[in-house]
Amino acid sequence: MSKINLIEQMQQTLTLLMQYEVQPLLSDIPYEYLLKETIARFPADPPSPQVLSNIYEFVCLASSHLKEQKVQEEDIPPYVDIEWICSVLDISRSTFYESVNGILLFPVVKVGRRPYFLKSEVAALFERTKGMGPHILGKLASKARKKLID
């Protein structure tokens, strides 16, 4: 087998691998998280222009395969309950009660014993924390608690 045929077969295999294996995995990763992790794993400090250009090329190639998380206004009801907030922010109920309820979000309406929150406040919190994970809510809550004390 000639070297040219071997290279062509390898390119076809890599294309299929990207299409069927890597692309579905990348579509579940938020764009900002992937970029931060890529920059964090490069050992150059400060990054050289070559490393930065390689990162930029990688992001340009991968960005078409990534899905960007957004909350659409029409997807949100006027008032939302705790279950909805937990599913959108991808947090557990305990994280909600420890870091969000009464600190970052305040209930505006109660139906019986169930609190409901304003959709614009939930969307704003989602935009502040998207792609960062649930641990960021604890950091934001501790900053909010410090402001209350001061």
# chains A, B, ... in the order shown; residues from 1 in each chain; ligands from 1

$ closest_atom_pairs --of "region 105-130 of chain A" --to "region 87-100 of chain A" --cutoff "9 Å" --atoms "only C-alpha atoms" --output "Markdown table"
| residue | atom | partner | partner_atom | distance |
| --- | --- | --- | --- | --- |
| A:Leu105 | CA | A:Val100 | CA | 5.7 |
| A:Phe106 | CA | A:Val100 | CA | 8.3 |
| A:Val122 | CA | A:Leu89 | CA | 8.9 |
| A:Leu125 | CA | A:Leu89 | CA | 8.6 |
| A:Phe126 | CA | A:Leu89 | CA | 6.4 |
| A:Thr129 | CA | A:Leu89 | CA | 8.1 |
| A:Lys130 | CA | A:Leu89 | CA | 7.8 |

$ residues_around --residues "Arg145 (chain A)" --least-positions-apart "6" --cutoff "10 Å" --atoms "only C-alpha atoms" --output "ChimeraX atom specification"
/A:99,103-104,139

$ atom_distance --atom1 "CA of Arg113 (chain A)" --atom2 "CA of Ile82 (chain A)"
12.0 Å

$ atom_distance --atom1 "CA of Leu140 (chain A)" --atom2 "CA of Ala124 (chain A)"
13.2 Å

$ select_by_dssp --residues "region 107-141 of chain A" --states "strand (DSSP E or B)" --output "list in words"
Val109, Lys110, Val111, Arg114, Pro115, Tyr116, Phe117 and Leu118 of chain A
